[in-house]
Amino acid sequence: MTVTRLLQRQILPIDKDTDVFALYVDAEEARLDADRYDIGGDRAAKDLNNAAIRQSTSTGRSIHPDQIESRTALRVPVGQKLSFGTYFNGFPASYWRRWTIVDAVTLTVRLTGSGAGLTVYKSMANGRSQRVDSATVGGDGKGTFSFELTLTPFVDGGWYWYDVVAGDEDAVVESAEWTAEVPEERALHGTTDIAITTMNRPDMCAQLLGQLADDEALRPYLDTVFLMEQGTKPVSGSEYFPAAEKSLGDQLRVLVQGNLGGSGGYARGQLESLRKGTATYAMMMDDDVVCEPEGIIRAVTFGDLSKRPTIVGGHMFSLYSRSRLHSFGEIVQPWRFWWQTPLDGYSDWDLAARNIRSARWLHKRVDVDFNGWFMCLIPRVVLDEVGLSLPIFIKWDDMELGLRAKAAGFPTVTFPGAAVWHIPWTDKNDALDWQAYFHHRNRLIAALLHSPYPKGGRLIRESLNHQIKHMVSLQYSTAELRHQAMLDVLAGPRALHGELSTKLGEINAFRKTFTDAQLEKDRDAFPPVRRKKPPRKGRDAVEIPGRFSQLLTAGLAPIRQLKAPRELSQEFPEAELTALDAKWYRLASYDSAIVSMNDGTSAAFYQRDPAKYRELLRKTIEIHERYRREWPRLAREYREALPEITSPEAWERTFAPYVEGERDA
C-alpha cells in the first residue's frame with residue numbers, strides 16, 4: 001500500500017520583499033558558464049574562467065510585487081516568460097534521489113490564462129538543461145497539468161523546474177506541487193521541537209518567534225519551541241513578544257539559564273526534547289535569523305522520507321544582502337582539520353546576479369560533513385544514539401556533532417530549499433576577539449576526537465604558523481588567548497562542563513590587559529599619526545604585495561620583531577589602517593598602528609613590544625612541541641571521555657542549578 005505525500009509546493013515571499021524575489025522567481029534568461037573540464041588545468045585559464053563565473057549575468061529584470069497574488073499564486077503578464085528554476089521553487093532532484101526512498105515524483109501545476117504555456121525542464125550534474133515535457137492552456141482559460149517524473153538520472157546532481165509563458169492574456173500560476181507515492185507507514189509527517197538559544201537580542205528573537213507562530217502551514221509540524229534565555233535583556237521585554245507568546249501558547253517554553261554559550265543553550269534544547277520524547281526531531285536555530293517557515297516543513301518532510309535517520313540542514317543567506325548565499329555546503333578538510341566550502345563550490349554567491357540555471361556548479365550535488373546550527377534538524381534517535389553537544393561554549397559544536405553522527409552512520413544533508421537569513425561570517429571579527437580562544441581550543445578538541453591523521457595532520461604546524469602571524473601583527477592578546485586555549489586542552493576534557501559558565505569572564509578580564517584589545521569608539525581617543533621618517537619610497541598601505549614579497553615578509557618579519565621599536569612609535573601610531581587593509585604582511589612592517597575592527601564600531605592601538613614577542617615566541621615553541629609529543633595520549637583521553645561528557649546525564653548535572661531555580665520560581 002502506498003499513499004501520496006506532498007514533498008514541496010510553490011511558494012512566494014510572505015512580505016513581498018523585492019530583495020528576495022530572485023530566490024523564488026527568475027525573470028532572467030539562462031546563460032550557462034563554461035565547464036571547468038573544458039578549461040583544463042592551466043592556472044591562468046582557470047583564473048580567467050573563475051573571474052568570468054563570478055560576473056553577473058543579470059539584466060535587472062524582475063517581477064513587480066503586485067504580481068504576487070498569494071503565498072502560492074503568481075501572475076505572469078501577457079507575453080512574458082518566468083522561470084521557477086530558483087532556490088525555493090526548483091526541485092533538488094539529486095538530493096531526493098541520493099538520500100531518500102523516493103524514486104519518482106509527480107509535478108502538478110494549476111494554471112489559468114488562455115494560451116499560457118508550461119514547460120518542464122531538468123538539468124544534469126554539469127548544469128546542462130534538457131526539456132522534459134510541456135502543456136498549453138486551452139480556450140477555456142484553465143488547466144491542471146500533471147507530469148510523472150523519474151529520479152533515476154540524478155545520481156550525481158541535477159534539478160527539475162518549470163517555466164511559464166503567458167499567452168493572449170495574463171496567466172496566473174495558481175499553485176504547483178511536487179508529490180510522491182510512499183509506503184503507508186511513511187504517510188504521516190513528523191514533528192519538530194525548535195531550540196533557540198538567545199542572548200541580548202530581544203527584538204530579533206521575538207520577531208523570529210512571530211514568524212514561527214504566524215505561519216498556519218507550519219504549525220502542525222511544530223511540537224515545542226524551546227527558548228533558552230541566557231542574556232540580561234530578556235526576550236519577554238520586546239514589544240513583539242506578547243503577540244508571539246499568545247499565538248504559540250503552550251507550544252512555547254522559555255528556559256532561563258546562565259550564559260553557557262551556544263553549545264550550552266542548544267544542549268539544553270536537545271536534552272529537553274530528548275526527555276520529552278514527543279517530537280521526531282529537534283531543530284537548532286539561531287536567535288538572529290529571519291526564517292522562511294516553508295523551509296522547516298521541507299526539512300521535516302525530507303527527514304521523514306530519508307533512507308536512514310538523517311540530519312537535515314538549511315542554507316544561510318545574508319541578512320543584509322538577501323539574495324547572497326553563503327556556502328552551498330560545508331566539509332571539514334581532514335588534513336588541515338578546518339571547515340570550508342568544497343573546492344569546486346563558492347562560499348559567497350549572489351543568486352540575483354547569476355541564477356541557478358546559469359551557474360553550472362550549483363547543479364552538482366554537494367555532500368557535507370555537518371551543517372551550522374543557524375538551522376539544523378536533528379532526529380531524536382540520533383541524539384539518543386550519539387549524545388548531545390560537546391560542552392565547548394561556542395564554535396565547533398555543530399561541526400563536531402556532525403562528524404560524530406557521521407561516524408555512527410547518520411549522514412548530514414544540507415538541503416536546497418531550506419534556509420534562513422543570517423548575519424554573514426564576513427561581517428564578524430571572531431578571529432581576534434574573545435572568540436579566538438574558543439575557535440582554537442574547540443578546533444583542537446574536535447581534531448583530537450576525529451582527525452584520521454597521526455598528530456592531527458597539518459593542524460599543529462598550521463597552529464604554529466597562525467600563532468606567529470598574530471605575533472608579528474602585534475596582536476598579542478590574541479596570541480596569549482590561543483596559548484591559553486592550548487594549555488586548557490592539554491589539561492584534559494574533564495573540566496569542560498565546569499568551565500562553561502566561567503571561562504568567558506576569565507578570558508575577557510585577561511585580554512583587557514593588552515592594548516590591542518582595548519577598543520575605543522572615538523578615533524580621537526588615540527594620539528595622532530606621527531613618525532620620524534616617512535615610509536620608504538612613499539609606499540601606500542593599501543598596495544597588495546605579490547606572492548614572492550609576501551613569502552619574503554613571512555621569513556623576515558619574525559626576525560624584525562626582535563629589533564628595538566622606532567622613535568616615537570610607542571607614543572604615536574605610525575599608521576592608521578582600516579580592518580580591510582589590516583593584513584599581517586602590512587602590520588608586520590609597523591611598530592605601532594591604529595587598527596579598526598571588522599564591525600566598524602571601534603579601533604585599537606597596536607604597539608610592538610620586543611620583550612613580549614620574545615616571551616610569546618618561547619611559549620609558542622614549547623607548547624607546540626608538547627602537542628607533537630602528547631597528541632596520541634590526548635587523543636585517546638578525549639575519545640574515551642566523549643560518551644560521558646556528551647551524555648544527557650552529564651548535561652543534567654550542568655543544568656541542575658538552573659532547573660532547580662525554575663522549580664523554585
# chains A, B, ... in the order shown; residues from 1 in each chain; ligands from 1
>>> select_by_dssp(residues="segment 45-123 of chain A", states="strand (DSSP E)", output="list in words")
Leu74, Arg75, Val76, Lys81, Leu82, Ser83, Ala104, Val105, Thr106, Leu107, Thr108, Val109, Arg110, Leu111, Thr112, Gly117, Leu118, Thr119, Val120, Tyr121, Lys122 and Ser123 of chain A
>>> residues_around(residues="Lys503 of chain A", least_positions_apart="2", cutoff="12 Å", atoms="only C-alpha atoms", output="count of residues only")
29
>>> residues_around(residues="segment 188-202 of chain A", least_positions_apart="2", cutoff="7 Å", atoms="only C-alpha atoms", output="NGL selection string")
:A and (186 or 204-206 or 221-235 or 237-238 or 262 or 265-266 or 269 or 273 or 279-287 or 300-301 or 304)
>>> closest_residue(among="A:Leu248, A:Leu12, A:Val132, A:Ala352", to="Glu174 of chain A", atoms="only C-alpha atoms")
A:Leu12
>>> closest_residue(among="A:Ile468, A:Met375, A:Ala447, A:Leu642", to="Lys619 of chain A", atoms="only C-alpha atoms")
A:Ile468
>>> residues_around(residues="Val413 of chain A", least_positions_apart="2", cutoff="9 Å", atoms="only C-alpha atoms", output="list in words")
Tyr95, Trp99, Thr310, Ile311, Val312, Gly313, Gly314, Gly329, Val366, Asp367, Val368, Asp369, Phe370, Asn371, Pro411 and Phe415 of chain A
>>> residues_around(residues="His422 of chain A", least_positions_apart="6", cutoff="10 Å", atoms="only C-alpha atoms", output="VMD selection string")
chain A and resid 286 to 291 315 to 322 326 374 to 375
>>> write_last_selection(atoms="N, CA and C atoms", output="mmCIF file, in the first residue's frame")
data_model
loop_
_atom_site.group_PDB
_atom_site.id
_atom_site.type_symbol
_atom_site.label_atom_id
_atom_site.label_comp_id
_atom_site.auth_asym_id
_atom_site.auth_seq_id
_atom_site.Cartn_x
_atom_site.Cartn_y
_atom_site.Cartn_z
ATOM 1 N N ASP A 286 19.347 29.733 15.248
ATOM 2 C CA ASP A 286 19.893 30.938 15.881
ATOM 3 C C ASP A 286 18.780 31.930 16.193
ATOM 4 N N ASP A 287 19.087 32.847 17.112
ATOM 5 C CA ASP A 287 18.099 33.849 17.506
ATOM 6 C C ASP A 287 18.105 35.074 16.609
ATOM 7 N N ASP A 288 19.140 35.246 15.787
ATOM 8 C CA ASP A 288 19.276 36.447 14.969
ATOM 9 C C ASP A 288 19.085 36.134 13.490
ATOM 10 N N VAL A 289 18.060 35.352 13.186
ATOM 11 C CA VAL A 289 17.786 34.986 11.802
ATOM 12 C C VAL A 289 16.383 35.428 11.415
ATOM 13 N N VAL A 290 16.193 35.567 10.101
ATOM 14 C CA VAL A 290 14.858 35.684 9.523
ATOM 15 C C VAL A 290 14.572 34.349 8.859
ATOM 16 N N CYS A 291 13.433 33.788 9.165
ATOM 17 C CA CYS A 291 13.143 32.406 8.777
ATOM 18 C C CYS A 291 12.178 32.355 7.600
ATOM 19 N N HIS A 315 20.449 26.213 4.397
ATOM 20 C CA HIS A 315 21.489 27.129 3.951
ATOM 21 C C HIS A 315 21.351 28.468 4.660
ATOM 22 N N MET A 316 22.387 29.289 4.523
ATOM 23 C CA MET A 316 22.388 30.615 5.122
ATOM 24 C C MET A 316 22.530 31.671 4.041
ATOM 25 N N PHE A 317 21.532 32.560 3.982
ATOM 26 C CA PHE A 317 21.618 33.747 3.140
ATOM 27 C C PHE A 317 21.976 34.941 4.023
ATOM 28 N N SER A 318 22.542 35.957 3.406
ATOM 29 C CA SER A 318 22.929 37.149 4.150
ATOM 30 C C SER A 318 21.705 37.938 4.585
ATOM 31 N N LEU A 319 21.712 38.367 5.819
ATOM 32 C CA LEU A 319 20.623 39.182 6.348
ATOM 33 C C LEU A 319 20.638 40.577 5.738
ATOM 34 N N TYR A 320 21.787 41.018 5.235
ATOM 35 C CA TYR A 320 21.936 42.371 4.739
ATOM 36 C C TYR A 320 21.868 42.458 3.218
ATOM 37 N N SER A 321 22.219 41.381 2.543
ATOM 38 C CA SER A 321 22.123 41.318 1.084
ATOM 39 C C SER A 321 21.432 40.001 0.772
ATOM 40 N N ARG A 322 20.119 40.036 0.747
ATOM 41 C CA ARG A 322 19.325 38.824 0.971
ATOM 42 C C ARG A 322 19.314 37.806 -0.164
ATOM 43 N N HIS A 326 25.595 32.077 1.348
ATOM 44 C CA HIS A 326 26.906 31.847 1.961
ATOM 45 C C HIS A 326 27.106 30.355 2.177
ATOM 46 N N PHE A 374 22.659 27.438 12.725
ATOM 47 C CA PHE A 374 21.727 28.535 12.457
ATOM 48 C C PHE A 374 20.394 27.958 12.000
ATOM 49 N N MET A 375 20.417 26.742 11.389
ATOM 50 C CA MET A 375 19.206 25.996 11.058
ATOM 51 C C MET A 375 19.601 24.557 10.777
#
>>> residues_around(residues="segment 32-35 of chain A", least_positions_apart="2", cutoff="9 Å", atoms="only C-alpha atoms", output="list in words")
Ala30, Tyr37, Asp38, Ile39, Asn49, Ala52, Ile53, Asn126, Gly127, Arg128, Arg357, Ser358, Ala359, Arg360 and Trp361 of chain A
>>> write_last_selection(atoms="C-alpha atoms", output="mmCIF file, in the first residue's frame")
data_model
loop_
_atom_site.group_PDB
_atom_site.id
_atom_site.type_symbol
_atom_site.label_atom_id
_atom_site.label_comp_id
_atom_site.auth_asym_id
_atom_site.auth_seq_id
_atom_site.Cartn_x
_atom_site.Cartn_y
_atom_site.Cartn_z
ATOM 1 C CA ALA A 30 19.856 31.161 -18.563
ATOM 2 C CA TYR A 37 36.904 20.357 -17.615
ATOM 3 C CA ASP A 38 36.820 22.255 -20.900
ATOM 4 C CA ILE A 39 39.039 24.922 -19.333
ATOM 5 C CA ASN A 49 37.253 31.402 -16.048
ATOM 6 C CA ALA A 52 34.025 35.139 -15.596
ATOM 7 C CA ILE A 53 31.900 32.783 -13.495
ATOM 8 C CA ASN A 126 27.163 19.583 -15.171
ATOM 9 C CA GLY A 127 24.368 22.161 -15.368
ATOM 10 C CA ARG A 128 23.177 21.463 -18.896
ATOM 11 C CA ARG A 357 20.179 27.886 -14.277
ATOM 12 C CA SER A 358 23.249 29.949 -15.250
ATOM 13 C CA ALA A 359 25.565 28.629 -12.521
ATOM 14 C CA ARG A 360 26.924 25.246 -13.520
ATOM 15 C CA TRP A 361 28.404 24.461 -10.093
#
>>> residues_around(residues="segment 448-453 of chain A", least_positions_apart="2", cutoff="12 Å", atoms="only C-alpha atoms", output="NGL selection string")
:A and (332-338 or 369 or 390 or 396 or 399-407 or 441-446 or 455-460 or 489-490 or 492-493 or 627 or 630-643)
>>> atom_distance(atom1="atom CA of Ser123 of chain A", atom2="atom CA of Val105 of chain A")
15.4 Å
>>> select_by_dssp(residues="segment 241-334 of chain A", states="alpha helix (DSSP H)", output="ChimeraX atom specification")
/A:241-248,261-276,293-304
